[in-house]
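See structure below.
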Amino acid sequence: MINIVIFGAPGSGKGTQSEKIVAKYGFGHISTGDVLRNEIKNKTILGKTAKAYIDKGQLIPDSLMTDILARVYDTMRDSKGVIFDGFPRTIPQAENLNKLLAERGEDLSAMIELDVPQDELMKRLINRGKTSGRSDDNEKTIKQRLDVYHNQTSPLVEWYQQKGKRHSIDGLGDLERIFADICQVIDKL
Ligand code: AMP
């Protein structure tokens, strides 16, 4: 089974490109942000806990997030592949993902990074906020999320690089060109 982490800052295009990967390759897609937003919509206890963090632009605690991820991953074991979108966001989460995969006789195939400059991210997220209806797509929370990315998530770039798993793609420009670059990586796995 192919296991891919699609990686990048908020607004880097992970969700958009994941949809295109799903359409072309028929992989399962786990967006941890979508999972949490769904819990909020369904007013579950988990949703209530998650909302407090999401609305502040902060990360949900690692152990809780890993439990959620394992639960969703185990529903996708019959897929040809799985895309992890929005997970991991910290080094402990990445370690937990490796452990979770190893426990199931699996391995991470690749980390595909969408590289987008900070000022472009800000622009995209403010624009998305006009239509997304997301409570965290407002200027103050966007700034907080980009800080969290910089401080807690971006160290994963080097972490995956050292493990020989990182494939960096220029995430600025034409959607189809970006997707073609992603396909080149996947087709070699
Ligand atoms: P996203 O839709 O991926 O931008 O995620 C929206 C929000 O959900 C984030 O700002 C976090 O508050 C929370 N979240 C999503 N994925 C994770 C994760 N892997 N670890 C911690 N919090 C997460």
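Within each chain, counting starts at residue 1; across the structure tokens, chains are named A, B, ... in the order shown, with ligands numbered 1 upward in that order.
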
**Study point:** Residue list (alpha helix (DSSP H), DSSP) for region 5-184 of chain A, as a PyMOL selection string
**Key:** chain A and resi 14-25+32-41+45-54+62-73+91-103+118-132+139-148+155-162+175-184

Collect all residues with atoms no farther than 8 Å from ligand 1, counting only C-alpha atoms and all ligand atoms, and output them as an mmCIF file with N, CA, C and O atoms, in the first residue's frame.
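Saved file part09.cif follows:
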```cif
data_model
loop_
_atom_site.group_PDB
_atom_site.id
_atom_site.type_symbol
_atom_site.label_atom_id
_atom_site.label_comp_id
_atom_site.auth_asym_id
_atom_site.auth_seq_id
_atom_site.Cartn_x
_atom_site.Cartn_y
_atom_site.Cartn_z
ATOM 1 N N PRO A 10 -0.576 26.023 6.001
ATOM 2 C CA PRO A 10 -1.980 26.291 5.693
ATOM 3 C C PRO A 10 -2.042 27.157 4.430
ATOM 4 O O PRO A 10 -1.274 28.118 4.288
ATOM 5 N N GLY A 11 -2.899 26.794 3.492
ATOM 6 C CA GLY A 11 -3.034 27.579 2.268
ATOM 7 C C GLY A 11 -2.081 27.156 1.162
ATOM 8 O O GLY A 11 -2.065 27.742 0.079
ATOM 9 N N SER A 31 -7.977 13.922 5.691
ATOM 10 C CA SER A 31 -7.681 15.299 6.066
ATOM 11 C C SER A 31 -8.071 15.440 7.526
ATOM 12 O O SER A 31 -9.252 15.376 7.862
ATOM 13 N N THR A 32 -7.071 15.593 8.386
ATOM 14 C CA THR A 32 -7.393 15.659 9.819
ATOM 15 C C THR A 32 -8.237 16.893 10.131
ATOM 16 O O THR A 32 -9.122 16.835 10.980
ATOM 17 N N GLY A 33 -8.005 17.988 9.385
ATOM 18 C CA GLY A 33 -8.834 19.191 9.580
ATOM 19 C C GLY A 33 -10.305 18.892 9.253
ATOM 20 O O GLY A 33 -11.210 19.277 10.002
ATOM 21 N N ASP A 34 -10.534 18.175 8.147
ATOM 22 C CA ASP A 34 -11.917 17.820 7.770
ATOM 23 C C ASP A 34 -12.550 16.898 8.803
ATOM 24 O O ASP A 34 -13.726 17.049 9.137
ATOM 25 N N LEU A 36 -11.926 16.774 11.946
ATOM 26 C CA LEU A 36 -12.272 17.571 13.132
ATOM 27 C C LEU A 36 -13.480 18.475 12.868
ATOM 28 O O LEU A 36 -14.375 18.587 13.709
ATOM 29 N N ARG A 37 -13.511 19.093 11.682
ATOM 30 C CA ARG A 37 -14.659 19.974 11.359
ATOM 31 C C ARG A 37 -15.955 19.180 11.317
ATOM 32 O O ARG A 37 -17.007 19.675 11.703
ATOM 33 N N ALA A 50 -12.071 19.937 20.086
ATOM 34 C CA ALA A 50 -11.299 20.406 18.927
ATOM 35 C C ALA A 50 -11.573 21.867 18.627
ATOM 36 O O ALA A 50 -10.654 22.630 18.301
ATOM 37 N N LYS A 51 -12.818 22.290 18.753
ATOM 38 C CA LYS A 51 -13.199 23.665 18.389
ATOM 39 C C LYS A 51 -12.423 24.693 19.203
ATOM 40 O O LYS A 51 -12.001 25.727 18.679
ATOM 41 N N TYR A 53 -9.442 24.559 20.281
ATOM 42 C CA TYR A 53 -8.085 24.729 19.713
ATOM 43 C C TYR A 53 -8.146 25.385 18.331
ATOM 44 O O TYR A 53 -7.385 26.303 18.032
ATOM 45 N N ILE A 54 -9.040 24.859 17.491
ATOM 46 C CA ILE A 54 -9.093 25.336 16.103
ATOM 47 C C ILE A 54 -9.377 26.836 16.047
ATOM 48 O O ILE A 54 -8.744 27.570 15.294
ATOM 49 N N ASP A 55 -10.318 27.291 16.858
ATOM 50 C CA ASP A 55 -10.690 28.706 16.817
ATOM 51 C C ASP A 55 -9.564 29.615 17.292
ATOM 52 O O ASP A 55 -9.556 30.810 17.001
ATOM 53 N N LYS A 56 -8.611 29.049 18.026
ATOM 54 C CA LYS A 56 -7.455 29.861 18.454
ATOM 55 C C LYS A 56 -6.280 29.666 17.503
ATOM 56 O O LYS A 56 -5.204 30.232 17.718
ATOM 57 N N GLY A 57 -6.452 28.814 16.505
ATOM 58 C CA GLY A 57 -5.352 28.552 15.571
ATOM 59 C C GLY A 57 -4.282 27.667 16.168
ATOM 60 O O GLY A 57 -3.163 27.602 15.666
ATOM 61 N N GLN A 58 -4.628 26.964 17.255
ATOM 62 C CA GLN A 58 -3.643 26.095 17.908
ATOM 63 C C GLN A 58 -3.837 24.647 17.500
ATOM 64 O O GLN A 58 -4.885 24.279 16.972
ATOM 65 N N LEU A 59 -2.830 23.839 17.790
ATOM 66 C CA LEU A 59 -2.901 22.417 17.433
ATOM 67 C C LEU A 59 -3.597 21.602 18.522
ATOM 68 O O LEU A 59 -3.417 21.858 19.714
ATOM 69 N N ILE A 60 -4.358 20.624 18.081
ATOM 70 C CA ILE A 60 -4.962 19.633 18.983
ATOM 71 C C ILE A 60 -3.813 18.785 19.544
ATOM 72 O O ILE A 60 -2.853 18.495 18.808
ATOM 73 N N PRO A 61 -3.887 18.376 20.846
ATOM 74 C CA PRO A 61 -2.770 17.608 21.425
ATOM 75 C C PRO A 61 -2.423 16.357 20.604
ATOM 76 O O PRO A 61 -3.303 15.696 20.060
ATOM 77 N N ASP A 62 -1.111 16.058 20.560
ATOM 78 C CA ASP A 62 -0.593 14.985 19.704
ATOM 79 C C ASP A 62 -1.255 13.630 19.953
ATOM 80 O O ASP A 62 -1.587 12.919 19.015
ATOM 81 N N MET A 65 -4.780 13.493 18.627
ATOM 82 C CA MET A 65 -4.766 13.531 17.163
ATOM 83 C C MET A 65 -4.327 12.194 16.577
ATOM 84 O O MET A 65 -4.876 11.721 15.572
ATOM 85 N N THR A 66 -3.347 11.556 17.224
ATOM 86 C CA THR A 66 -2.856 10.268 16.724
ATOM 87 C C THR A 66 -3.940 9.192 16.852
ATOM 88 O O THR A 66 -4.110 8.362 15.956
ATOM 89 N N ASP A 85 -3.261 14.222 4.876
ATOM 90 C CA ASP A 85 -3.315 15.658 4.567
ATOM 91 C C ASP A 85 -3.566 16.413 5.879
ATOM 92 O O ASP A 85 -4.637 16.295 6.464
ATOM 93 N N GLY A 86 -2.560 17.139 6.327
ATOM 94 C CA GLY A 86 -2.692 17.881 7.588
ATOM 95 C C GLY A 86 -2.169 17.112 8.781
ATOM 96 O O GLY A 86 -2.287 17.558 9.914
ATOM 97 N N PHE A 87 -1.584 15.971 8.543
ATOM 98 C CA PHE A 87 -0.960 15.146 9.582
ATOM 99 C C PHE A 87 0.266 14.498 8.967
ATOM 100 O O PHE A 87 0.142 13.954 7.873
ATOM 101 N N PRO A 88 1.419 14.499 9.606
ATOM 102 C CA PRO A 88 1.736 15.062 10.911
ATOM 103 C C PRO A 88 1.987 16.576 10.877
ATOM 104 O O PRO A 88 2.355 17.120 9.839
ATOM 105 N N ARG A 89 1.825 17.195 12.026
ATOM 106 C CA ARG A 89 2.094 18.628 12.161
ATOM 107 C C ARG A 89 3.151 18.913 13.220
ATOM 108 O O ARG A 89 3.487 20.082 13.445
ATOM 109 N N THR A 90 3.633 17.855 13.866
ATOM 110 C CA THR A 90 4.709 17.995 14.856
ATOM 111 C C THR A 90 5.613 16.775 14.704
ATOM 112 O O THR A 90 5.189 15.755 14.144
ATOM 113 N N GLN A 93 4.100 13.704 16.261
ATOM 114 C CA GLN A 93 3.071 13.117 15.389
ATOM 115 C C GLN A 93 3.710 12.287 14.272
ATOM 116 O O GLN A 93 3.213 11.225 13.898
ATOM 117 N N ASP A 136 -11.697 29.659 11.320
ATOM 118 C CA ASP A 136 -10.281 29.996 11.513
ATOM 119 C C ASP A 136 -9.655 30.707 10.307
ATOM 120 O O ASP A 136 -8.474 30.983 10.305
ATOM 121 N N ARG A 145 -1.992 30.632 12.903
ATOM 122 C CA ARG A 145 -1.765 29.323 12.275
ATOM 123 C C ARG A 145 -0.439 29.292 11.522
ATOM 124 O O ARG A 145 0.254 28.279 11.509
#
```

Review point. Hey, can you check how far CA of Lys163 (chain A) sits from CA of Asn98 (chain A)?
Key: 11.4 Å

Point to revise | All residues 12 Å or closer to Asp119 (chain A), only C-alpha atoms, same chain fewer than 2 positions away omitted, as a PyMOL selection string | key: chain A and resi 9-12+116-117+121-126+142-143+146+172

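For the choices A:Gly129, A:Gly26, A:Gly13, A:Gly105, the atom-to-atom distance to Glu176 (chain A) is smallest for A:Gly13 when using only C-alpha atoms.
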
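Separating CA of Ile112 (chain A) from CA of Asp147 (chain A) is a distance of 21.1 Å.
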
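Considering only region 1-70 of chain A, backbone DSSP assigns strand (DSSP E) to Ile2, Asn3, Ile4, Val5, Ile6, Phe7, Gly28, His29, Ile30 and Ser31 of chain A.
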
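Across the structure, CA of Tyr149 (chain A) and CA of His29 (chain A) are spaced 21.3 Å apart.
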
Practice item. Within 12 Å of Glu19 (chain A), counting only C-alpha atoms, which residues show up once you throw out same-chain ones fewer than 5 positions away? Write them as a list in words, please. Key: Ile6, Gly13, Lys14, Lys24, Tyr25, Gly26, Phe27, Gly28, His29, Ile30, Ser31, Val82, Ile83, Phe84, Asp85, Leu175 and Phe179 of chain A

Would you save the residues from that selection as a CSV table (one decimal), in the first residue's frame, using N, CA and C atoms?
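The resulting file, again.csv, is shown below:
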```csv
chain,number,residue,atom,x,y,z
A,6,ILE,N,1.0,14.5,2.4
A,6,ILE,CA,1.1,15.7,1.6
A,6,ILE,C,1.3,16.8,2.6
A,13,GLY,N,-2.2,24.5,-0.6
A,13,GLY,CA,-2.9,23.7,-1.6
A,13,GLY,C,-3.0,22.2,-1.4
A,14,LYS,N,-2.8,21.8,-0.1
A,14,LYS,CA,-2.8,20.4,0.2
A,14,LYS,C,-4.2,19.7,-0.1
A,24,LYS,N,-7.4,10.8,-9.6
A,24,LYS,CA,-6.5,10.0,-10.5
A,24,LYS,C,-6.2,8.6,-10.0
A,25,TYR,N,-5.8,8.5,-8.8
A,25,TYR,CA,-5.2,7.2,-8.3
A,25,TYR,C,-6.2,6.4,-7.5
A,26,GLY,N,-7.3,7.0,-7.1
A,26,GLY,CA,-8.3,6.2,-6.3
A,26,GLY,C,-7.8,6.0,-4.8
A,27,PHE,N,-6.9,6.8,-4.3
A,27,PHE,CA,-6.4,6.6,-3.0
A,27,PHE,C,-7.4,7.1,-2.0
A,28,GLY,N,-7.3,6.6,-0.7
A,28,GLY,CA,-8.1,7.1,0.4
A,28,GLY,C,-7.4,8.4,0.8
A,29,HIS,N,-8.2,9.3,1.4
A,29,HIS,CA,-7.7,10.7,1.8
A,29,HIS,C,-8.1,10.9,3.2
A,30,ILE,N,-7.1,11.2,4.0
A,30,ILE,CA,-7.4,11.6,5.4
A,30,ILE,C,-7.0,13.0,5.6
A,31,SER,N,-8.0,13.9,5.7
A,31,SER,CA,-7.7,15.3,6.1
A,31,SER,C,-8.1,15.4,7.5
A,82,VAL,N,-3.1,5.7,0.6
A,82,VAL,CA,-3.7,6.7,1.5
A,82,VAL,C,-2.9,8.0,1.5
A,83,ILE,N,-3.6,9.1,1.4
A,83,ILE,CA,-2.9,10.4,1.5
A,83,ILE,C,-3.2,11.0,2.9
A,84,PHE,N,-2.2,11.3,3.6
A,84,PHE,CA,-2.3,12.0,4.9
A,84,PHE,C,-2.2,13.5,4.7
A,85,ASP,N,-3.3,14.2,4.9
A,85,ASP,CA,-3.3,15.7,4.6
A,85,ASP,C,-3.6,16.4,5.9
A,175,LEU,N,-2.1,25.2,-11.2
A,175,LEU,CA,-2.6,24.0,-10.5
A,175,LEU,C,-2.2,22.7,-11.2
A,179,PHE,N,0.2,19.7,-10.1
A,179,PHE,CA,-0.3,18.3,-10.0
A,179,PHE,C,0.6,17.4,-10.8
```

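Proximity of A:Asn3, A:Asn96, A:Thr44, A:Gln162 to Leu108 (chain A), computed with only C-alpha atoms, is greatest for A:Asn3.
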
**Study point:** Which of A:Leu101, A:Met111, A:Asp78, A:Ile4 sits closest to Glu158 (chain A) [using only C-alpha atoms]
**Key:** A:Met111
